[in-house]
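One file, protein-v2.txt, is given below (compact mmCIF, C-alpha atoms).
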# COMPACT_ATOMS: atom_id res chain seq x y z
CA MET A 150 71.92 21.17 17.70
CA THR A 151 69.74 22.09 14.75
CA ASP A 152 67.16 24.79 14.19
CA PRO A 153 63.99 23.79 16.12
CA ARG A 154 61.73 25.29 13.47
CA ALA A 155 63.31 23.11 10.75
CA ALA A 156 63.05 20.01 12.96
CA VAL A 157 59.36 20.52 13.69
CA ALA A 158 58.49 21.56 10.15
CA ALA A 159 59.82 18.22 8.88
CA VAL A 160 57.37 16.16 10.99
CA VAL A 161 55.04 14.29 8.65
CA ASP A 162 51.30 14.02 9.15
CA PRO A 163 50.61 10.55 10.60
CA GLU A 164 47.50 9.98 8.46
CA ILE A 165 48.60 11.61 5.20
CA ARG A 166 52.24 10.68 5.26
CA VAL A 167 53.27 12.45 2.05
CA VAL A 168 52.96 15.95 3.56
CA THR A 169 54.50 17.61 6.60
CA ILE A 170 52.50 19.34 9.33
CA ASP A 171 54.02 22.59 8.06
CA GLU A 172 52.76 22.01 4.51
CA LEU A 173 49.31 21.11 5.85
CA GLY A 174 49.17 24.42 7.70
CA ILE A 175 48.54 22.90 11.12
CA LEU A 176 51.93 24.10 12.44
CA ARG A 177 51.32 27.68 13.58
CA SER A 178 54.55 28.70 15.30
CA VAL A 179 57.82 27.52 16.82
CA ASP A 180 59.42 29.81 19.40
CA GLU A 181 62.67 29.21 21.23
CA ASP A 182 63.41 31.08 24.44
CA PRO A 183 66.97 32.37 23.90
CA GLY A 184 67.64 32.28 27.64
CA THR A 185 66.40 28.86 28.68
CA GLY A 186 66.42 27.13 25.29
CA ARG A 187 62.84 26.00 25.92
CA VAL A 188 60.88 25.51 22.69
CA VAL A 189 57.16 26.26 22.48
CA VAL A 190 55.35 24.80 19.47
CA THR A 191 51.81 25.84 18.57
CA ILE A 192 49.62 23.62 16.41
CA THR A 193 45.95 23.62 15.42
CA PRO A 194 43.81 20.60 14.47
CA THR A 195 42.24 20.14 11.06
CA TYR A 196 39.00 18.87 12.67
CA THR A 197 38.01 19.14 16.35
CA GLY A 198 37.96 15.37 16.71
CA CYS A 199 41.11 14.67 14.71
CA PRO A 200 42.45 11.47 16.32
CA ALA A 201 45.97 12.11 15.02
CA MET A 202 46.67 15.02 17.37
CA ASP A 203 48.20 12.91 20.15
CA VAL A 204 50.54 11.24 17.67
CA ILE A 205 51.47 14.61 16.15
CA ARG A 206 52.30 16.00 19.58
CA ALA A 207 54.47 12.97 20.37
CA ASP A 208 56.20 13.16 16.97
CA ILE A 209 57.00 16.85 17.51
CA ARG A 210 58.57 16.13 20.90
CA ARG A 211 60.56 13.25 19.43
CA ALA A 212 61.83 15.40 16.55
CA LEU A 213 62.85 18.20 18.91
CA THR A 214 64.64 15.82 21.25
CA ALA A 215 66.54 14.33 18.32
CA ALA A 216 67.47 17.86 17.22
CA GLY A 217 68.87 18.68 20.64
CA HIS A 218 65.87 20.45 22.16
CA PRO A 219 64.49 18.12 24.84
CA ASP A 220 62.78 20.96 26.74
CA ALA A 221 59.68 21.49 24.62
CA GLU A 222 56.03 22.31 25.08
CA VAL A 223 53.34 21.71 22.45
CA ARG A 224 50.31 23.96 22.66
CA THR A 225 47.07 23.45 20.75
CA VAL A 226 45.02 26.44 19.61
CA TYR A 227 41.60 26.47 17.95
CA ALA A 228 41.39 30.07 16.74
CA PRO A 229 41.69 31.03 14.03
CA ALA A 230 40.15 27.80 12.79
CA TRP A 231 42.22 25.77 10.32
CA SER A 232 41.28 26.10 6.68
CA THR A 233 42.32 24.00 3.72
CA ASP A 234 43.43 27.34 2.24
CA TRP A 235 46.44 27.07 4.57
CA ILE A 236 47.83 24.06 2.72
CA SER A 237 50.94 25.25 0.88
CA GLU A 238 51.39 25.03 -2.88
CA GLY A 239 54.08 22.43 -2.31
CA GLY A 240 51.73 20.48 -0.07
CA ARG A 241 48.98 20.54 -2.68
CA ALA A 242 51.38 19.23 -5.33
CA LYS A 243 52.47 16.39 -3.03
CA LEU A 244 48.87 15.46 -2.24
CA SER A 245 48.06 15.34 -5.92
CA ALA A 246 51.12 13.22 -6.69
CA ALA A 247 50.02 10.78 -3.97
CA GLY A 248 46.58 10.36 -5.55
CA ILE A 249 44.69 12.72 -3.23
CA ALA A 250 42.85 15.48 -5.06
CA PRO A 251 43.62 18.80 -3.30
CA PRO A 252 40.74 21.00 -2.07
CA ALA A 253 39.13 23.90 -3.86
CA PRO A 254 39.17 27.31 -2.11
CA ALA A 255 37.09 27.19 1.09
CA ALA A 256 33.73 28.95 1.49
CA ARG A 257 34.20 32.42 2.94
CA ASP A 258 31.26 32.79 5.28
CA GLY A 259 31.55 29.52 7.16
CA GLY A 260 28.25 28.43 5.68
CA VAL A 261 27.61 25.26 3.76
CA VAL A 262 30.68 24.46 1.73
CA ALA A 263 29.87 24.58 -1.97
CA LEU A 264 30.57 21.37 -3.81
CA THR A 265 33.18 21.78 -6.47
CA LEU A 266 31.76 20.70 -9.77
CA SER A 267 34.96 19.41 -11.28
CA VAL A 268 37.43 17.69 -9.01
CA ARG A 269 40.16 16.47 -11.33
CA CYS A 270 41.18 12.84 -11.09
CA PRO A 271 44.68 12.83 -9.56
CA ARG A 272 45.52 9.71 -11.60
CA CYS A 273 44.55 10.64 -15.15
CA GLY A 274 43.61 14.33 -14.87
CA SER A 275 40.09 13.86 -16.15
CA PRO A 276 37.41 16.25 -14.85
CA GLU A 277 34.82 13.48 -15.35
CA THR A 278 34.60 12.51 -11.69
CA GLU A 279 31.84 11.89 -9.15
CA GLN A 280 31.52 11.86 -5.40
CA VAL A 281 30.95 8.42 -3.89
CA SER A 282 30.81 9.50 -0.25
CA ARG A 283 31.03 12.88 1.45
CA PHE A 284 33.04 11.27 4.23
CA GLY A 285 36.18 9.26 3.62
CA SER A 286 39.01 7.37 5.26
CA THR A 287 39.85 10.28 7.56
CA ALA A 288 37.82 13.23 8.87
CA CYS A 289 39.34 15.59 6.31
CA LYS A 290 38.70 13.52 3.17
CA ALA A 291 35.80 12.56 0.91
CA LEU A 292 35.73 9.56 -1.43
CA TRP A 293 35.49 10.19 -5.17
CA ARG A 294 35.66 8.10 -8.32
CA CYS A 295 36.90 8.88 -11.80
CA ARG A 296 34.47 8.07 -14.60
CA SER A 297 37.26 8.11 -17.20
CA CYS A 298 39.79 5.73 -15.63
CA SER A 299 37.43 4.15 -13.04
CA GLU A 300 39.90 4.70 -10.20
CA PRO A 301 38.53 5.66 -6.79
CA PHE A 302 40.48 8.44 -5.07
CA ASP A 303 40.50 10.58 -1.92
CA HIS A 304 39.63 14.26 -2.10
CA LEU A 305 40.64 16.62 0.69
CA LYS A 306 37.43 18.48 1.52
CA ALA A 307 37.50 22.27 1.33
CA LEU A 308 37.02 23.62 4.86
CA MET B 99 30.73 31.91 36.43
CA SER B 100 28.07 29.35 37.24
CA GLU B 101 25.84 30.58 34.43
CA LEU B 102 28.65 30.15 31.89
CA PHE B 103 29.53 26.74 33.34
CA ASP B 104 25.94 25.50 32.99
CA PHE B 105 25.70 26.76 29.42
CA THR B 106 29.02 25.23 28.36
CA LEU B 107 28.26 21.94 30.11
CA GLY B 108 24.88 21.71 28.33
CA LEU B 109 26.43 22.14 24.89
CA GLY B 110 29.26 19.74 25.72
CA ASP B 111 26.77 17.12 26.89
CA ASP B 112 24.67 17.57 23.72
CA ALA B 113 27.74 16.82 21.61
CA LEU B 114 28.93 13.93 23.79
CA ILE B 115 25.61 12.10 23.89
CA ALA B 116 25.04 12.71 20.17
CA ALA B 117 28.49 11.20 19.49
CA GLN B 118 27.72 8.13 21.59
CA ARG B 119 24.37 7.53 19.82
CA LEU B 120 25.85 8.00 16.34
CA GLY B 121 28.68 5.66 17.26
CA GLU B 122 26.12 2.90 17.83
CA TRP B 123 25.68 2.78 14.04
CA THR B 124 29.29 1.80 13.44
CA SER B 125 29.32 -1.48 11.47
CA ARG B 126 25.50 -1.43 11.28
CA ALA B 127 24.70 1.36 8.79
CA PRO B 128 22.76 0.48 5.61
CA GLU B 129 25.82 0.89 3.38
CA MET B 130 29.55 1.22 3.91
CA GLU B 131 29.76 4.88 2.83
CA GLU B 132 27.04 5.78 5.32
CA ASP B 133 28.78 3.81 8.04
CA ILE B 134 31.88 5.94 7.49
CA ALA B 135 29.82 9.13 7.33
CA LEU B 136 28.05 8.48 10.64
CA ALA B 137 31.34 7.55 12.33
CA ASN B 138 32.91 10.76 11.02
CA ILE B 139 30.04 12.88 12.26
CA ALA B 140 30.24 11.13 15.63
CA LEU B 141 33.94 11.96 15.73
CA ASP B 142 33.22 15.63 15.02
CA GLN B 143 30.67 15.69 17.85
CA LEU B 144 33.17 14.01 20.16
CA GLY B 145 35.80 16.60 19.23
CA ALA B 146 33.45 19.47 20.09
CA ALA B 147 32.42 17.67 23.30
CA ARG B 148 36.03 17.35 24.44
CA LEU B 149 36.70 21.07 23.93
CA LEU B 150 33.46 22.11 25.64
CA LEU B 151 33.78 19.74 28.59
CA THR B 152 37.44 20.67 29.12
CA TYR B 153 36.41 24.31 29.23
CA ALA B 154 33.46 23.58 31.52
CA GLY B 155 35.80 21.80 33.92
CA GLU B 156 38.10 24.84 34.00
CA LEU B 157 35.16 27.19 34.59
CA GLU B 158 33.97 25.05 37.47
CA GLY B 159 37.43 25.14 39.03
CA ALA B 160 36.91 21.92 40.99
CA GLY B 161 39.63 19.97 39.20
CA ARG B 162 37.32 17.93 36.96
CA ASP B 163 38.71 17.30 33.48
CA GLU B 164 36.85 16.13 30.35
CA ASP B 165 37.07 12.48 31.44
CA ALA B 166 35.78 13.15 34.94
CA LEU B 167 32.82 15.02 33.48
CA ALA B 168 32.09 12.41 30.80
CA TYR B 169 32.59 9.23 32.80
CA LEU B 170 31.94 10.04 36.43
CA ARG B 171 28.56 11.76 36.46
CA GLY B 172 25.18 10.11 36.85
CA ASP B 173 22.24 10.82 34.56
CA ARG B 174 20.76 13.56 36.78
CA GLU B 175 24.01 15.49 36.46
CA PHE B 176 23.92 15.55 32.65
CA ARG B 177 22.58 18.73 31.02
CA ASN B 178 22.05 17.54 27.44
CA CYS B 179 18.80 18.10 25.58
CA LEU B 180 16.46 15.10 25.37
CA LEU B 181 16.69 15.00 21.56
CA VAL B 182 20.21 13.55 21.53
CA GLU B 183 19.54 10.79 24.07
CA LEU B 184 16.51 9.36 22.22
CA PRO B 185 17.22 5.90 20.77
CA ASN B 186 18.44 5.77 17.17
CA GLY B 187 15.29 4.02 15.95
CA ASP B 188 15.44 3.16 12.25
CA PHE B 189 17.67 5.04 9.82
CA GLY B 190 14.91 7.61 9.21
CA VAL B 191 14.71 8.46 12.91
CA THR B 192 18.49 8.78 13.11
CA MET B 193 18.49 11.15 10.13
CA ALA B 194 15.58 13.17 11.55
CA LYS B 195 17.48 13.55 14.84
CA LEU B 196 20.71 14.52 13.09
CA PHE B 197 18.93 16.93 10.76
CA LEU B 198 17.18 18.76 13.61
CA LEU B 199 20.28 18.72 15.82
CA ALA B 200 22.48 20.15 13.06
CA GLY B 201 19.77 22.71 12.23
CA TYR B 202 20.19 23.92 15.82
CA GLN B 203 23.96 23.49 16.22
CA LEU B 204 24.92 25.36 13.02
CA PRO B 205 23.29 28.71 13.96
CA LEU B 206 24.34 28.13 17.59
CA TYR B 207 28.04 27.64 16.79
CA THR B 208 27.89 30.47 14.25
CA ALA B 209 26.50 32.84 16.89
CA LEU B 210 29.03 31.59 19.45
CA SER B 211 31.89 32.39 17.07
CA GLY B 212 31.04 36.06 17.51
CA CYS B 213 30.30 36.02 21.25
CA ALA B 214 32.31 37.85 23.91
CA ASP B 215 33.77 34.72 25.51
CA GLU B 216 37.04 34.04 23.71
CA ARG B 217 37.15 30.27 24.33
CA LEU B 218 33.55 29.69 23.26
CA ALA B 219 34.11 31.91 20.21
CA ALA B 220 37.09 29.77 19.13
CA ILE B 221 35.16 26.53 19.64
CA GLY B 222 32.17 27.94 17.74
CA ALA B 223 34.30 29.06 14.80
CA LYS B 224 35.81 25.59 14.55
CA ALA B 225 32.66 23.54 15.10
CA ARG B 226 30.38 25.50 12.77
CA LYS B 227 32.37 24.38 9.74
CA GLU B 228 31.78 20.77 10.74
CA SER B 229 28.12 21.41 11.57
CA ALA B 230 27.57 22.75 8.06
CA TYR B 231 28.62 19.36 6.71
CA HIS B 232 26.34 17.50 9.15
CA LEU B 233 23.36 19.61 8.17
CA ASP B 234 24.09 19.17 4.50
CA HIS B 235 24.46 15.40 4.85
CA ALA B 236 21.29 14.92 6.90
CA SER B 237 19.33 17.25 4.59
CA LEU B 238 20.27 15.13 1.58
CA TRP B 239 18.91 12.00 3.28
CA VAL B 240 15.73 13.70 4.49
CA LYS B 241 15.06 14.82 0.90
CA ARG B 242 16.00 11.48 -0.63
CA LEU B 243 13.80 9.49 1.75
CA GLY B 244 10.97 12.02 1.93
CA ASP B 245 10.76 12.44 -1.82
CA GLY B 246 11.50 8.78 -2.48
CA THR B 247 9.18 5.79 -2.49
CA GLU B 248 5.81 5.62 -0.77
CA GLU B 249 7.38 3.54 2.00
CA SER B 250 10.43 5.78 2.51
CA HIS B 251 8.16 8.86 2.54
CA ARG B 252 5.92 7.31 5.17
CA ARG B 253 8.81 6.34 7.40
CA MET B 254 10.62 9.69 7.06
CA GLN B 255 7.41 11.54 7.94
CA ASP B 256 6.89 9.23 10.93
CA ALA B 257 10.44 9.93 12.05
CA VAL B 258 10.06 13.71 11.83
CA ASP B 259 6.73 13.53 13.68
CA GLN B 260 8.28 11.37 16.38
CA VAL B 261 11.22 13.62 17.26
CA TRP B 262 9.70 17.04 16.49
CA PRO B 263 8.34 17.63 20.02
CA TYR B 264 11.88 17.41 21.38
CA THR B 265 13.11 20.39 19.33
CA HIS B 266 11.25 22.99 21.41
CA GLU B 267 13.50 22.45 24.41
CA LEU B 268 16.48 23.59 22.34
CA PHE B 269 15.17 27.14 22.07
CA THR B 270 14.17 27.81 25.67
CA ALA B 271 14.98 31.48 26.33
CA ASP B 272 18.06 32.17 28.44
CA PRO B 273 18.89 35.89 28.08
CA ALA B 274 21.91 35.64 30.39
CA ALA B 275 23.66 33.00 28.26
CA PRO B 276 26.50 33.95 25.87
CA VAL B 277 24.03 33.13 23.09
CA ASP B 278 20.33 33.16 23.97
CA PRO B 279 18.94 29.95 22.42
CA ALA B 280 15.64 31.70 21.69
CA THR B 281 17.42 33.86 19.10
CA LEU B 282 18.34 30.76 17.06
CA ARG B 283 14.77 29.69 16.37
CA ALA B 284 14.27 31.80 13.22
CA ASP B 285 17.33 30.32 11.48
CA PHE B 286 16.30 26.82 12.52
CA ASP B 287 12.74 27.30 11.25
CA ALA B 288 13.92 28.65 7.91
CA VAL B 289 16.30 25.75 7.23
CA VAL B 290 13.90 23.07 8.46
CA SER B 291 10.96 24.39 6.47
CA ALA B 292 12.97 24.65 3.26
CA VAL B 293 14.28 21.09 3.52
CA LEU B 294 10.95 19.57 4.57
CA ASP B 295 9.21 21.33 1.67
CA GLU B 296 11.68 19.97 -0.83
CA ALA B 297 11.37 16.54 0.77
CA THR B 298 7.56 16.73 0.30
CA LEU B 299 7.22 16.27 4.07
CA THR B 300 4.81 18.06 6.35
CA ARG B 301 6.15 20.15 9.19
CA PRO B 302 4.51 18.76 12.35
CA ALA B 303 2.18 20.99 14.33
CA ASP B 304 3.68 22.39 17.54
CA GLY B 305 2.08 20.87 20.61
CA TRP B 306 3.54 18.64 23.27
CA ALA B 307 6.96 20.04 24.22
CA PRO B 308 8.86 17.72 26.57
CA GLY B 309 11.85 19.27 28.33
CA GLY B 310 13.94 19.05 31.45
CA GLY B 311 17.25 17.95 29.96
CA ARG B 312 18.98 21.21 30.85
CA ASP B 313 17.87 20.65 34.47
CA GLY B 314 19.06 17.05 34.58
CA VAL B 315 15.62 15.49 34.20
CA HIS B 316 16.00 12.93 31.44
CA THR B 317 14.17 10.16 29.65
CA GLU B 318 14.80 6.61 30.84
CA HIS B 319 17.07 6.11 27.81
CA LEU B 320 19.96 8.19 29.11
CA SER B 321 21.03 6.00 32.00
CA TYR B 322 21.27 2.94 29.75
CA LEU B 323 23.40 4.94 27.32
CA LEU B 324 25.63 6.12 30.16
CA ALA B 325 25.98 2.60 31.53
CA GLU B 326 27.48 1.45 28.25
CA MET B 327 29.60 4.57 27.79
CA GLN B 328 30.98 4.66 31.33
CA VAL B 329 31.36 1.00 32.31
CA LEU B 330 34.99 0.57 31.26
CA HIS B 331 36.19 3.76 32.90
CA ARG B 332 34.33 3.01 36.11
CA ALA B 333 35.54 -0.60 36.23
CA HIS B 334 39.17 0.44 35.74
CA PRO B 335 39.56 3.92 37.29
CA GLY B 336 42.45 5.86 35.85
CA ALA B 337 43.24 3.26 33.16
CA ARG B 338 45.05 4.65 30.12
CA TRP B 339 45.92 3.32 26.68
Structure translated into structure tokens:
Amino acid sequence: MTDPRAAVAAVVDPEIRVVTIDELGILRSVDEDPGTGRVVVTITPTYTGCPAMDVIRADIRRALTAAGHPDAEVRTVYAPAWSTDWISEGGRAKLSAAGIAPPAPAARDGGVVALTLSVRCPRCGSPETEQVSRFGSTACKALWRCRSCSEPFDHLKAL
Amino acid sequence: MSELFDFTLGLGDDALIAAQRLGEWTSRAPEMEEDIALANIALDQLGAARLLLTYAGELEGAGRDEDALAYLRGDREFRNCLLVELPNGDFGVTMAKLFLLAGYQLPLYTALSGCADERLAAIGAKARKESAYHLDHASLWVKRLGDGTEESHRRMQDAVDQVWPYTHELFTADPAAPVDPATLRADFDAVVSAVLDEATLTRPADGWAPGGGRDGVHTEHLSYLLAEMQVLHRAHPGARW
């Protein structure tokens, strides 16, 4: 039987498969009842309509069962609201290595998120980039293009 | 209890019907990036709708979950504002609807995030971040089309004129609600005026103010929308993926 926290933390995000749910900051807590052995996992969605949540819940249960903790409950909380600021340094590095430009710091007041003027191209590092679409392949990404190397790339939107 | 249920149901229905309308654009938008944008915004609205309707079902305490509320009510039982059920029209009308809806939802969700009800506060804090993006996106299009060619200007102005009367219903005073909609009007007016000015569009005069959505009295468009949205669920009760 392995540590439930380690088992859950290793679950990868089903839509951005290079990072774990822990690195993305959507894993909030893992608590094991010492008496019953029951594990309660708390997660929070990136966006309210994130379609990956059902898969994430199933993956967490599967990981816990494999780690010897079949009695598990996955709870979803909405407050405090997820922010891209919760993505770990390691997670940001992995995103970048996978060709997804990591987000700038999020706006503080919850108002309109300021556009970052220089999103660096994750391929060639050039700051000469432009936004193609504010909405991308998943709810949390925008589509950008590098003017130096011409490569299109995903950018995780600051939220 | 009933007051809070009605309020929550109304906001959930706004988001649900807006999601369904925006979803109609999928594969039909003028360009691929816009297709993805509209689908994403629809998904955000659907996400907020699921949270609000789930909560409304719990407040009601009659065992109805989000699906029962979404799929098993007739049009007279829906509490959404008329603005969201209006047909999409051309792209200008869709953007005018989205712009005015987001101009209302952003201050609404922001105010909710600080309200006394813990569940609504959490939903508001989450949804306002997404609303900010919707407002920003729609504002860009209103400006681009309004301050564009003669033809795009004419059609954007027509669109704003066409849906403007339906905005008044959004701000009907309800002092007992967690957030009184009447208190949101100033923020809405400020944002709308600033964007319309920049778009070289004229703010329509206030006059005819159709309403009734919050009482279940809808336009003829809603039941057609519901027929399409509900047919699968009603034909196969309890079916799951």
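For A:Arg211, the residues within 12 Å (counting all atoms listed in the file, excluding itself and residues fewer than 2 positions away along the chain) are Pro153, Ala156, Val157, Ala159, Val160, Val204, Ile205, Arg206, Ala207, Asp208, Ile209, Leu213, Thr214, Ala215, Ala216, Gly217, His218, Pro219, Asp220, Ala221, Glu222 and Val223 of chain A.
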For B:Ser100, please output as an mmCIF file with C-alpha atoms, keeping the file's coordinate frame all residues within 12 Å (counting all atoms listed in the file; exclusion window: fewer than 6 positions along the same chain).
data_model
loop_
_atom_site.group_PDB
_atom_site.id
_atom_site.type_symbol
_atom_site.label_atom_id
_atom_site.label_comp_id
_atom_site.auth_asym_id
_atom_site.auth_seq_id
_atom_site.Cartn_x
_atom_site.Cartn_y
_atom_site.Cartn_z
ATOM 1 C CA THR B 106 29.020 25.230 28.360
ATOM 2 C CA LEU B 107 28.260 21.940 30.110
ATOM 3 C CA ALA B 154 33.460 23.580 31.520
ATOM 4 C CA GLY B 155 35.800 21.800 33.920
ATOM 5 C CA GLU B 156 38.100 24.840 34.000
ATOM 6 C CA LEU B 157 35.160 27.190 34.590
ATOM 7 C CA GLU B 158 33.970 25.050 37.470
ATOM 8 C CA GLY B 159 37.430 25.140 39.030
ATOM 9 C CA ALA B 274 21.910 35.640 30.390
ATOM 10 C CA ALA B 275 23.660 33.000 28.260
#
Inset, instruction - One decimal, Å: what's the distance from atom CA of B:His319 over to atom CA of B:His232, could you say? - result: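 Result for atom CA of B:His319 versus atom CA of B:His232: 23.7 Å, one decimal.
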Inset, instruction - Show which residues sit within 8 Å of A:Trp235, as a VMD selection string. Count all atoms listed in the file, and ignore same-chain residues fewer than 4 positions away. - result: chain A and resid 173 to 174 231
Using all atoms listed in the file, find each residue of chain A with at least one atom at most 10 Å away from an atom of chain B; report its shortest atom-to-atom pair and that distance in Å (one decimal), sort the rows by chain and rising residue number, and return the result as JSON lines.
{"residue": "A:Pro194", "atom": "CA", "partner": "B:Lys224", "partner_atom": "CA", "distance": 9.4}
{"residue": "A:Thr195", "atom": "CA", "partner": "B:Lys224", "partner_atom": "CA", "distance": 9.1}
{"residue": "A:Tyr196", "atom": "CA", "partner": "B:Asp142", "partner_atom": "CA", "distance": 7.0}
{"residue": "A:Thr197", "atom": "CA", "partner": "B:Gly145", "partner_atom": "CA", "distance": 4.4}
{"residue": "A:Gly198", "atom": "CA", "partner": "B:Gly145", "partner_atom": "CA", "distance": 3.5}
{"residue": "A:Cys199", "atom": "CA", "partner": "B:Gly145", "partner_atom": "CA", "distance": 7.2}
{"residue": "A:Pro200", "atom": "CA", "partner": "B:Leu141", "partner_atom": "CA", "distance": 8.5}
{"residue": "A:Val226", "atom": "CA", "partner": "B:Ala220", "partner_atom": "CA", "distance": 8.6}
{"residue": "A:Tyr227", "atom": "CA", "partner": "B:Ala220", "partner_atom": "CA", "distance": 5.7}
{"residue": "A:Ala228", "atom": "CA", "partner": "B:Ala220", "partner_atom": "CA", "distance": 4.9}
{"residue": "A:Pro229", "atom": "CA", "partner": "B:Ala220", "partner_atom": "CA", "distance": 7.0}
{"residue": "A:Ala230", "atom": "CA", "partner": "B:Lys224", "partner_atom": "CA", "distance": 5.2}
{"residue": "A:Trp231", "atom": "CA", "partner": "B:Lys224", "partner_atom": "CA", "distance": 7.7}
{"residue": "A:Ser232", "atom": "CA", "partner": "B:Lys227", "partner_atom": "CA", "distance": 9.6}
{"residue": "A:Ala256", "atom": "CA", "partner": "B:Lys227", "partner_atom": "CA", "distance": 9.5}
{"residue": "A:Asp258", "atom": "CA", "partner": "B:Lys227", "partner_atom": "CA", "distance": 9.6}
{"residue": "A:Gly259", "atom": "CA", "partner": "B:Lys227", "partner_atom": "CA", "distance": 5.8}
{"residue": "A:Gly260", "atom": "CA", "partner": "B:Ala230", "partner_atom": "CA", "distance": 6.2}
{"residue": "A:Val261", "atom": "CA", "partner": "B:Ala230", "partner_atom": "CA", "distance": 5.0}
{"residue": "A:Val262", "atom": "CA", "partner": "B:Ala230", "partner_atom": "CA", "distance": 7.3}
{"residue": "A:Val281", "atom": "CA", "partner": "B:Glu131", "partner_atom": "CA", "distance": 7.7}
{"residue": "A:Ser282", "atom": "CA", "partner": "B:Glu131", "partner_atom": "CA", "distance": 5.7}
{"residue": "A:Arg283", "atom": "CA", "partner": "B:Ala135", "partner_atom": "CA", "distance": 7.1}
{"residue": "A:Phe284", "atom": "CA", "partner": "B:Ala135", "partner_atom": "CA", "distance": 5.0}
{"residue": "A:Gly285", "atom": "CA", "partner": "B:Ile134", "partner_atom": "CA", "distance": 6.7}
{"residue": "A:Ser286", "atom": "CA", "partner": "B:Ile134", "partner_atom": "CA", "distance": 7.6}
{"residue": "A:Thr287", "atom": "CA", "partner": "B:Asn138", "partner_atom": "CA", "distance": 7.8}
{"residue": "A:Ala288", "atom": "CA", "partner": "B:Asn138", "partner_atom": "CA", "distance": 5.9}
{"residue": "A:Cys289", "atom": "CA", "partner": "B:Asn138", "partner_atom": "CA", "distance": 9.3}
{"residue": "A:Ala291", "atom": "CA", "partner": "B:Ala135", "partner_atom": "CA", "distance": 9.4}
{"residue": "A:Leu292", "atom": "CA", "partner": "B:Glu131", "partner_atom": "CA", "distance": 8.7}
{"residue": "A:Leu308", "atom": "CA", "partner": "B:Lys227", "partner_atom": "CA", "distance": 6.8}
Inset, instruction - Using atom CA of A:Arg269 and atom CA of A:Glu172 as the two end points, give the distance in Å to one decimal. - result: 21.0 Å
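Separating atom CA of B:Gly121 from atom CA of B:Pro185 is a distance of 12.0 Å.
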Legend entry - Nearest residue to B:Thr152 from the set B:Ala271, B:Cys213, B:Ala116, B:Leu218 (distances using only C-alpha atoms):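 Counting only C-alpha atoms, the residue closest to B:Thr152 is B:Leu218.
When all atoms listed in the file are used to measure the gap to B:Ala288, the shortest distance among B:Arg301, B:Asp272, B:Leu320, B:Asp215 belongs to B:Arg301.
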